[in-house]
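Raw contents of start.cif, mmCIF, C-alpha atoms:
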data_structure
loop_
_atom_site.label_atom_id
_atom_site.label_comp_id
_atom_site.auth_asym_id
_atom_site.auth_seq_id
_atom_site.Cartn_x
_atom_site.Cartn_y
_atom_site.Cartn_z
CA MET A 16 121.03 63.57 -9.09
CA LEU A 17 120.39 60.16 -7.55
CA GLN A 18 116.71 60.62 -8.35
CA LEU A 19 117.59 61.24 -11.98
CA PHE A 20 119.68 58.06 -12.04
CA THR A 21 116.89 56.04 -10.46
CA SER A 22 114.32 57.25 -12.98
CA LEU A 23 116.76 56.58 -15.84
CA GLU A 24 117.21 53.08 -14.49
CA SER A 25 113.45 52.45 -14.37
CA THR A 26 112.72 53.47 -17.97
CA SER A 27 111.32 50.58 -19.98
CA PHE A 28 114.45 50.49 -22.18
CA ALA A 29 116.82 50.27 -19.19
CA THR A 30 114.64 47.61 -17.58
CA TRP A 31 114.51 45.58 -20.78
CA LEU A 32 118.29 45.87 -21.20
CA ARG A 33 118.96 44.72 -17.64
CA GLU A 34 116.28 42.14 -17.05
CA SER A 35 115.16 40.52 -20.30
CA ASN A 36 116.54 37.06 -20.74
CA THR A 37 117.65 37.49 -24.32
CA ILE A 38 121.17 37.48 -25.66
CA TRP A 39 120.23 40.57 -27.72
CA ALA A 40 119.88 42.80 -24.67
CA TYR A 41 122.70 43.30 -22.14
CA PRO A 42 125.11 40.64 -23.55
CA THR A 43 125.09 42.10 -27.08
CA VAL A 44 125.48 45.71 -25.90
CA LEU A 45 128.35 44.65 -23.61
CA THR A 46 130.03 42.74 -26.46
CA LEU A 47 129.67 45.75 -28.80
CA HIS A 48 131.30 47.87 -26.07
CA THR A 49 134.27 45.46 -26.14
CA VAL A 50 134.40 45.64 -29.97
CA GLY A 51 134.49 49.45 -29.69
CA LEU A 52 137.34 49.17 -27.16
CA ALA A 53 139.31 46.96 -29.55
CA LEU A 54 138.79 49.45 -32.42
CA LEU A 55 139.45 52.70 -30.50
CA VAL A 56 142.19 51.56 -28.13
CA GLY A 57 143.67 48.99 -30.53
CA ALA A 58 144.06 51.44 -33.42
CA SER A 59 145.30 54.15 -31.06
CA MET A 60 147.90 51.82 -29.50
CA ALA A 61 149.16 50.73 -32.94
CA LEU A 62 149.65 54.39 -33.93
CA ASP A 63 151.28 55.16 -30.54
CA LEU A 64 153.78 52.32 -31.06
CA ARG A 65 154.69 53.65 -34.53
CA LEU A 66 155.16 57.18 -33.11
CA LEU A 67 157.40 55.74 -30.38
CA GLY A 68 159.67 54.42 -33.13
CA PHE A 69 158.54 50.84 -33.72
CA ALA A 70 157.80 49.50 -37.25
CA ARG A 71 159.59 52.53 -38.73
CA ARG A 72 159.26 51.31 -42.29
CA ILE A 73 155.54 52.23 -42.14
CA PRO A 74 155.13 55.84 -43.33
CA VAL A 75 153.26 57.67 -40.53
CA ALA A 76 151.04 59.41 -43.09
CA ALA A 77 149.69 56.00 -44.18
CA LEU A 78 148.18 55.55 -40.70
CA SER A 79 145.98 58.66 -41.06
CA LYS A 80 143.09 56.36 -41.99
CA SER A 81 143.25 54.71 -38.57
CA PHE A 82 141.50 57.79 -37.14
CA ARG A 83 138.34 56.62 -38.95
CA VAL A 84 138.58 53.31 -37.09
CA MET A 85 139.22 55.13 -33.79
CA TRP A 86 136.24 57.49 -34.22
CA PHE A 87 133.98 54.62 -35.23
CA GLY A 88 135.02 52.79 -32.04
CA PHE A 89 134.53 55.97 -30.02
CA TRP A 90 130.93 56.61 -31.19
CA LEU A 91 130.08 52.92 -30.82
CA ASN A 92 131.32 53.01 -27.22
CA LEU A 93 129.63 56.30 -26.41
CA ALA A 94 126.31 54.81 -27.58
CA THR A 95 126.75 51.41 -25.92
CA GLY A 96 128.29 53.05 -22.83
CA LEU A 97 125.22 55.27 -22.37
CA MET A 98 123.01 52.17 -22.63
CA LEU A 99 125.08 50.22 -20.11
CA PHE A 100 125.00 53.23 -17.79
CA ALA A 101 121.21 53.55 -18.08
CA ALA A 102 120.76 49.89 -17.14
CA ASP A 103 122.69 50.41 -13.93
CA ALA A 104 122.59 54.18 -13.38
CA SER A 105 122.12 54.48 -9.61
CA THR A 106 125.07 52.18 -8.92
CA LYS A 107 127.45 53.37 -11.63
CA GLY A 108 126.48 57.02 -11.18
CA THR A 109 127.56 56.93 -7.56
CA THR A 110 130.71 54.82 -7.93
CA ARG A 111 133.95 56.77 -7.72
CA LEU A 112 135.75 54.23 -9.91
CA PHE A 113 133.25 54.84 -12.71
CA ALA A 114 133.87 58.61 -12.59
CA PHE A 115 137.60 57.85 -12.59
CA LYS A 116 137.21 55.64 -15.68
CA LEU A 117 135.25 58.36 -17.49
CA GLY A 118 138.00 60.85 -16.71
CA LEU A 119 140.62 58.48 -18.13
CA VAL A 120 138.56 57.86 -21.28
CA VAL A 121 138.24 61.64 -21.80
CA MET A 122 142.03 61.92 -21.44
CA GLY A 123 142.51 59.08 -23.96
CA VAL A 124 140.21 60.76 -26.48
CA VAL A 125 142.00 64.10 -25.95
CA SER A 126 145.33 62.34 -26.61
CA VAL A 127 143.94 61.03 -29.93
CA LEU A 128 142.71 64.54 -30.88
CA LEU A 129 146.07 66.08 -29.99
CA ILE A 130 148.01 63.44 -31.95
CA GLU A 131 145.75 64.09 -34.96
CA ARG A 132 146.46 67.82 -34.65
CA VAL A 133 150.18 67.74 -33.82
CA VAL A 134 151.26 64.94 -36.16
CA PHE A 135 148.83 64.86 -39.08
CA ARG A 136 148.30 68.56 -39.84
CA GLY A 137 151.45 69.26 -41.78
CA ASP A 138 154.29 66.84 -42.41
CA PRO A 139 153.60 63.63 -40.45
CA GLU A 140 157.09 62.13 -41.04
CA ARG A 141 158.83 65.20 -39.63
CA ALA A 142 156.39 65.74 -36.78
CA SER A 143 156.59 62.09 -35.73
CA THR A 144 160.31 62.31 -34.88
CA ARG A 145 159.87 65.24 -32.50
CA TRP A 146 159.18 65.09 -28.80
CA PRO A 147 155.57 66.36 -28.71
CA ALA A 148 154.48 63.43 -30.86
CA ARG A 149 156.45 60.92 -28.82
CA GLY A 150 155.31 62.36 -25.51
CA LEU A 151 151.69 62.28 -26.62
CA ALA A 152 152.05 58.69 -27.86
CA ALA A 153 153.53 57.56 -24.53
CA ALA A 154 150.84 59.42 -22.58
CA SER A 155 148.13 57.92 -24.79
CA LEU A 156 149.40 54.37 -24.13
CA VAL A 157 149.55 54.91 -20.37
CA VAL A 158 146.08 56.51 -20.24
CA TRP A 159 144.48 53.68 -22.24
CA LEU A 160 146.07 51.05 -19.97
CA ALA A 161 144.70 52.91 -16.95
CA ALA A 162 141.23 53.28 -18.53
CA ILE A 163 141.06 49.53 -19.26
CA THR A 164 142.19 48.80 -15.69
CA ALA A 165 139.51 51.08 -14.21
CA GLY A 166 136.85 49.61 -16.50
CA ARG A 167 137.71 46.03 -15.64
CA PHE A 168 137.96 46.65 -11.90
CA MET A 169 134.43 48.11 -11.93
CA ALA A 170 133.23 44.50 -12.14
CA TYR A 171 135.15 43.53 -8.98
CA VAL A 172 134.69 46.36 -6.48
CA MET B 24 132.30 8.87 -27.17
CA THR B 25 130.30 11.27 -25.07
CA SER B 26 131.19 9.50 -21.87
CA LEU B 27 134.85 9.33 -22.88
CA PHE B 28 134.74 13.10 -23.48
CA ALA B 29 132.98 13.70 -20.16
CA HIS B 30 135.51 11.47 -18.43
CA SER B 31 138.55 13.23 -19.85
CA THR B 32 137.23 16.75 -19.16
CA ALA B 33 136.37 15.68 -15.60
CA SER B 34 139.84 14.29 -14.93
CA LEU B 35 141.50 17.33 -16.55
CA SER B 36 139.33 19.52 -14.34
CA THR B 37 140.30 17.63 -11.20
CA TRP B 38 143.99 17.71 -12.09
CA LEU B 39 143.96 21.46 -12.86
CA GLN B 40 142.08 22.32 -9.69
CA ALA B 41 144.66 20.53 -7.57
CA THR B 42 147.45 22.85 -8.79
CA ALA B 43 148.81 25.71 -6.71
CA LEU B 44 148.05 28.12 -9.57
CA SER B 45 144.39 27.15 -9.53
CA HIS B 46 144.27 27.71 -5.78
CA ALA B 47 145.95 31.12 -6.14
CA MET B 48 143.54 32.21 -8.90
CA VAL B 49 140.51 31.72 -6.69
CA THR B 50 141.96 32.75 -3.32
CA GLN B 51 144.37 35.62 -4.06
CA PRO B 52 142.42 38.85 -3.90
CA TRP B 53 142.67 40.84 -7.17
CA LEU B 54 144.67 38.20 -9.07
CA TRP B 55 141.66 37.31 -11.24
CA ALA B 56 140.86 41.01 -11.86
CA ILE B 57 144.48 41.81 -12.73
CA CYS B 58 144.55 38.93 -15.23
CA GLU B 59 141.23 40.14 -16.73
CA THR B 60 142.74 43.60 -17.15
CA LEU B 61 145.81 42.16 -18.89
CA HIS B 62 143.51 40.01 -21.05
CA PHE B 63 141.72 43.16 -22.30
CA VAL B 64 145.04 44.97 -22.88
CA GLY B 65 146.27 41.95 -24.88
CA LEU B 66 143.06 41.93 -26.88
CA ALA B 67 143.41 45.61 -27.84
CA LEU B 68 147.10 45.15 -28.70
CA LEU B 69 146.43 42.03 -30.80
CA ILE B 70 143.43 43.38 -32.73
CA GLY B 71 144.95 46.87 -33.08
CA THR B 72 148.24 45.70 -34.59
CA ALA B 73 147.03 42.58 -36.45
CA GLY B 74 144.22 44.78 -37.78
CA VAL B 75 146.78 46.97 -39.59
CA PHE B 76 148.49 44.11 -41.44
CA ASP B 77 145.25 42.18 -41.99
CA LEU B 78 143.77 45.24 -43.72
CA ARG B 79 146.92 45.57 -45.87
CA LEU B 80 146.66 41.87 -46.74
CA LEU B 81 143.05 42.50 -47.76
CA GLY B 82 144.21 45.28 -50.10
CA PHE B 83 143.65 48.42 -48.01
CA ILE B 84 146.36 51.05 -47.19
CA LYS B 85 148.15 50.02 -50.39
CA ARG B 86 150.67 52.86 -50.20
CA VAL B 87 152.61 50.85 -47.58
CA SER B 88 154.59 47.77 -48.60
CA LEU B 89 153.43 44.52 -47.05
CA GLY B 90 156.87 43.97 -45.52
CA ALA B 91 156.61 47.28 -43.62
CA VAL B 92 153.22 46.56 -42.00
CA MET B 93 154.34 43.03 -41.15
CA ASP B 94 156.93 44.67 -38.85
CA LEU B 95 154.00 45.00 -36.40
CA ARG B 96 153.62 41.24 -36.06
CA GLY B 97 155.89 41.08 -32.99
CA TRP B 98 153.38 43.30 -31.14
CA ALA B 99 150.46 41.18 -32.30
CA ALA B 100 152.34 38.08 -31.08
CA PHE B 101 153.00 39.83 -27.74
CA GLY B 102 149.27 40.59 -27.34
CA LEU B 103 148.44 36.99 -28.21
CA LEU B 104 151.02 35.69 -25.72
CA ILE B 105 149.58 37.84 -22.89
CA ASN B 106 146.13 36.44 -23.67
CA LEU B 107 147.25 32.82 -23.94
CA VAL B 108 149.00 33.03 -20.55
CA THR B 109 146.13 34.81 -18.78
CA GLY B 110 143.60 32.59 -20.58
CA VAL B 111 145.31 29.44 -19.33
CA MET B 112 145.32 30.99 -15.84
CA PHE B 113 141.52 31.53 -15.92
CA MET B 114 141.05 28.01 -17.21
CA THR B 115 143.25 26.61 -14.43
CA GLY B 116 141.39 28.67 -11.83
CA ALA B 117 137.92 27.46 -12.74
CA PRO B 118 138.24 24.63 -15.29
CA SER B 119 134.71 23.26 -15.19
CA GLN B 120 133.06 26.58 -16.02
CA TYR B 121 134.99 26.62 -19.30
CA LEU B 122 135.13 22.94 -20.22
CA HIS B 123 131.33 22.70 -19.99
CA ASN B 124 130.75 25.94 -21.85
CA ALA B 125 129.83 25.86 -25.57
CA ALA B 126 131.03 29.46 -26.06
CA TRP B 127 134.47 28.47 -24.71
CA TRP B 128 134.81 25.63 -27.22
CA TRP B 129 133.82 28.00 -30.04
CA LYS B 130 136.43 30.43 -28.77
CA VAL B 131 139.09 27.72 -28.73
CA ALA B 132 138.03 26.62 -32.24
CA PHE B 133 138.51 30.14 -33.62
CA ILE B 134 141.89 30.47 -31.87
CA ALA B 135 142.83 27.23 -33.66
CA VAL B 136 141.62 28.62 -37.01
CA ALA B 137 143.64 31.81 -36.48
CA GLY B 138 146.68 29.77 -35.37
CA LEU B 139 146.51 27.48 -38.42
CA ASN B 140 146.14 30.53 -40.65
CA ILE B 141 149.32 32.01 -39.11
CA ALA B 142 151.17 28.69 -39.48
CA VAL B 143 150.26 28.42 -43.17
CA PHE B 144 151.16 32.10 -43.75
CA GLU B 145 154.56 31.88 -42.03
CA LEU B 146 155.71 28.33 -42.78
CA ARG B 147 154.70 27.80 -46.39
CA PRO B 148 157.75 27.56 -48.66
CA GLY B 149 158.46 30.95 -50.22
CA ALA B 150 156.45 32.79 -47.54
CA ARG B 151 159.14 35.43 -46.98
CA ALA B 152 159.64 36.07 -50.68
CA LEU B 153 155.89 36.41 -51.17
CA VAL B 154 155.64 39.06 -48.42
CA ALA B 155 158.67 40.91 -49.82
CA SER B 156 157.18 40.86 -53.33
CA VAL B 157 154.24 43.11 -52.34
CA GLY B 158 155.67 46.61 -52.57
CA PRO B 159 154.01 50.02 -52.14
CA ASN B 160 150.88 50.38 -54.31
CA ASP B 161 150.92 46.65 -55.21
CA ASP B 162 147.72 44.67 -54.87
CA THR B 163 147.89 41.44 -52.86
CA PRO B 164 147.27 38.04 -54.45
CA LEU B 165 144.01 36.28 -53.55
CA ARG B 166 145.81 33.87 -51.24
CA LEU B 167 147.03 36.73 -49.04
CA LYS B 168 143.63 38.45 -49.12
CA LEU B 169 142.17 35.21 -47.81
CA ALA B 170 144.79 35.03 -45.03
CA GLY B 171 144.00 38.63 -43.95
CA GLY B 172 140.25 38.01 -44.03
CA VAL B 173 140.46 34.76 -42.04
CA SER B 174 142.70 36.44 -39.44
CA LEU B 175 140.50 39.50 -38.94
CA PHE B 176 137.31 37.43 -38.82
CA SER B 177 138.75 34.85 -36.41
CA TRP B 178 140.06 37.40 -33.89
CA PHE B 179 136.68 39.15 -33.73
CA ALA B 180 134.99 35.74 -33.37
CA VAL B 181 137.39 34.96 -30.49
CA LEU B 182 136.46 38.30 -28.88
CA TYR B 183 132.73 37.60 -29.40
CA PHE B 184 132.75 34.15 -27.82
CA GLY B 185 135.05 35.32 -25.04
CA ARG B 186 132.75 38.17 -24.07
CA MET B 187 129.72 35.86 -24.37
CA LEU B 188 131.21 33.24 -21.98
CA PRO B 189 129.01 34.31 -19.06
CA PHE B 190 125.86 34.54 -21.18
CA ILE B 191 125.98 31.56 -23.55
CA GLY B 192 127.52 29.31 -20.93
CA ASN B 193 127.70 30.38 -17.32
CA ALA B 194 131.28 31.47 -16.77
CA PHE B 195 131.98 34.53 -14.65
#
Reformat the file's structure so that it appears as structure tokens.
Amino acid sequence: MLQLFTSLESTSFATWLRESNTIWAYPTVLTLHTVGLALLVGASMALDLRLLGFARRIPVAALSKSFRVMWFGFWLNLATGLMLFAADASTKGTTRLFAFKLGLVVMGVVSVLLIERVVFRGDPERASTRWPARGLAAASLVVWLAAITAGRFMAYV
Amino acid sequence: MTSLFAHSTASLSTWLQATALSHAMVTQPWLWAICETLHFVGLALLIGTAGVFDLRLLGFIKRVSLGAVMDLRGWAAFGLLINLVTGVMFMTGAPSQYLHNAAWWWKVAFIAVAGLNIAVFELRPGARALVASVGPNDDTPLRLKLAGGVSLFSWFAVLYFGRMLPFIGNAF
């Protein structure tokens, strides 16, 4: 496995991303990863807050379009995340915190899928007042906070 | 002018670095990382909630009244508050790496643009009545479209220059 990571890291693309002194390499990919975070986690948190009972005058059904924003952020971060991983594969691939972050991101994405299924297939206004929707919204918030924490701490440990 | 600017940033730097907060930011293990984490949470909260009402101001999700989406502004303000507090903490911890960083000044400039935009939106006479006048399925007047566009653009510009701090300037 480590050998795979090392060869991934030494591909010309990974080397360019990591070592070239242009703002278009690592800095831009890292910034796009932060934009994707804002879109995926931001839109998800806004929906979670509504499901928890804040801003009740907004019809829940009207927020169905926010899934497009979330999925756009998700694919952007999958793409940029794979690039950032390639640039630093042997370190990230063997860090427990990175595996932990990935697990939390998977849980966050699953929470979004479940909310889409439980709340938006049927009558969103009715579903949003029941406990599965509220429980999922609370879980989603907690998981995203943990994922951000794990991601940020990767730079410090 | 240049030397006056250099002089005032240098004395501000010296003053900030002498504070107990500055000392704590660079010596307390994990304090910087915890603030960074909160800064990213604040960013997601701000862009996620302001994004909803900015899009409505721009004329999207028309089925919701403007007044209803504006109910999210307390959460956007909370996200902004988290980021102003943690931002000031970073700046106090290592003032010179920000004060001598072009990306940081761009970031501050866009925060000012966003702040002025909010001030005009909230404080203009008749602001409340204008928000209340945009009901479900109503289009927004050009003035409000402009406010939504400026807000959305400025917050992403703030994110961009914030994330670029280590690369355009040399902040960590």
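For the structure in this document, the set picked by the PyMOL selection byres ((chain A) within 6 of (chain B)) is Thr46, Ala53, Gly57, Ala58, Ala61, Ala70, Arg72, Ile73, Thr164 and Arg167 of chain A.
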How would you write, as a list in words, the residues chosen by the PyMOL selection byres ((chain B and resi 35-46) around 10) on this structure?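 Selection result, ordered by chain and number: Ala29, His30, Ser31, Thr32, Ala33, Ser34, Ala47, Met48, Val49, Thr50, Gln51, Met112, Phe113, Met114, Thr115, Gly116, Ala117, Pro118, Ser119, Gln120, Tyr121 and Leu122 of chain B.
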Can you pull out the residues contacting A:Leu67? Cut-off 9 Å, using only C-alpha atoms, and skip same-chain residues under 6 positions away; I want them as a PyMOL selection string. chain A and resi 143-144+148-150+152-153
Could you turn the residues from that selection into a file that holds C-alpha atoms, as a PDB file, in the frame of the given file?
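Here's the written file result-v1.pdb:
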ATOM      1  CA  SER A 143     156.590  62.090 -35.730  1.00  0.00           C
ATOM      2  CA  THR A 144     160.310  62.310 -34.880  1.00  0.00           C
ATOM      3  CA  ALA A 148     154.480  63.430 -30.860  1.00  0.00           C
ATOM      4  CA  ARG A 149     156.450  60.920 -28.820  1.00  0.00           C
ATOM      5  CA  GLY A 150     155.310  62.360 -25.510  1.00  0.00           C
ATOM      6  CA  ALA A 152     152.050  58.690 -27.860  1.00  0.00           C
ATOM      7  CA  ALA A 153     153.530  57.560 -24.530  1.00  0.00           C
TER       8      ALA A 153
END
Atom CA of A:Leu117 to atom CA of A:Pro42: how many Å, to one decimal?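 Separating atom CA of A:Leu117 from atom CA of A:Pro42 is a distance of 21.3 Å.
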Computed interatomic separation between atom CA of A:Phe87 and atom CA of A:Glu131 (Å):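 Rounded to one decimal, the two atoms are 15.1 Å apart.
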Which residue out of B:Gly138, B:Gly158, B:Pro148, B:Pro52 has the minimum interatomic distance to B:Val181 when all atoms listed in the file are used? B:Gly138
Specify as an MDAnalysis selection string each residue included when the PyMOL selection byres ((chain A and resi 157) around 12) is applied to this file. (chainID A and resid 56 59:60 63:64 119:120 122:123 126 150:156 158:164) or (chainID B and resid 64)
Rank B:Phe133, B:Trp127, B:Phe101, B:Phe28 by their smallest atom-to-atom distance to B:Leu175, using all atoms listed in the file, and report the top residue only. B:Phe133
Pick out the closest residue to A:Gly96 from this set: A:Leu52, A:Ala76, A:Val84, A:Leu23. Count all atoms listed in the file.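 The closest residue to A:Gly96 is A:Leu52.
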Rank nothing, just name the residue among A:Ala114, A:Ala104, A:Thr21, A:Trp146 nearest to A:Ile130, using all atoms listed in the file.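 That would be A:Trp146, the residue with the smallest distance to A:Ile130.
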Rounded to one decimal, what separation in Å do you get between atom CA of A:Ala77 and atom CA of B:Leu80?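 Pair atom CA of A:Ala77 / atom CA of B:Leu80 returns 14.7 Å.
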As lines of an AutoDock Vina configuration file: centre and edge lengths in Å, one decimal, of the axis-aligned box holding stretch 75-85 of chain B with 3 Å per side:
center_x = 145.8
center_y = 46.5
center_z = -45.0
size_x = 11.4
size_y = 15.2
size_z = 16.8
Minimum-distance residue to A:Phe28, chosen among A:Leu62, A:Leu97, A:Val125, A:Val75 (using all atoms listed in the file):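 Using all atoms listed in the file, A:Phe28 sits closest to A:Leu97.
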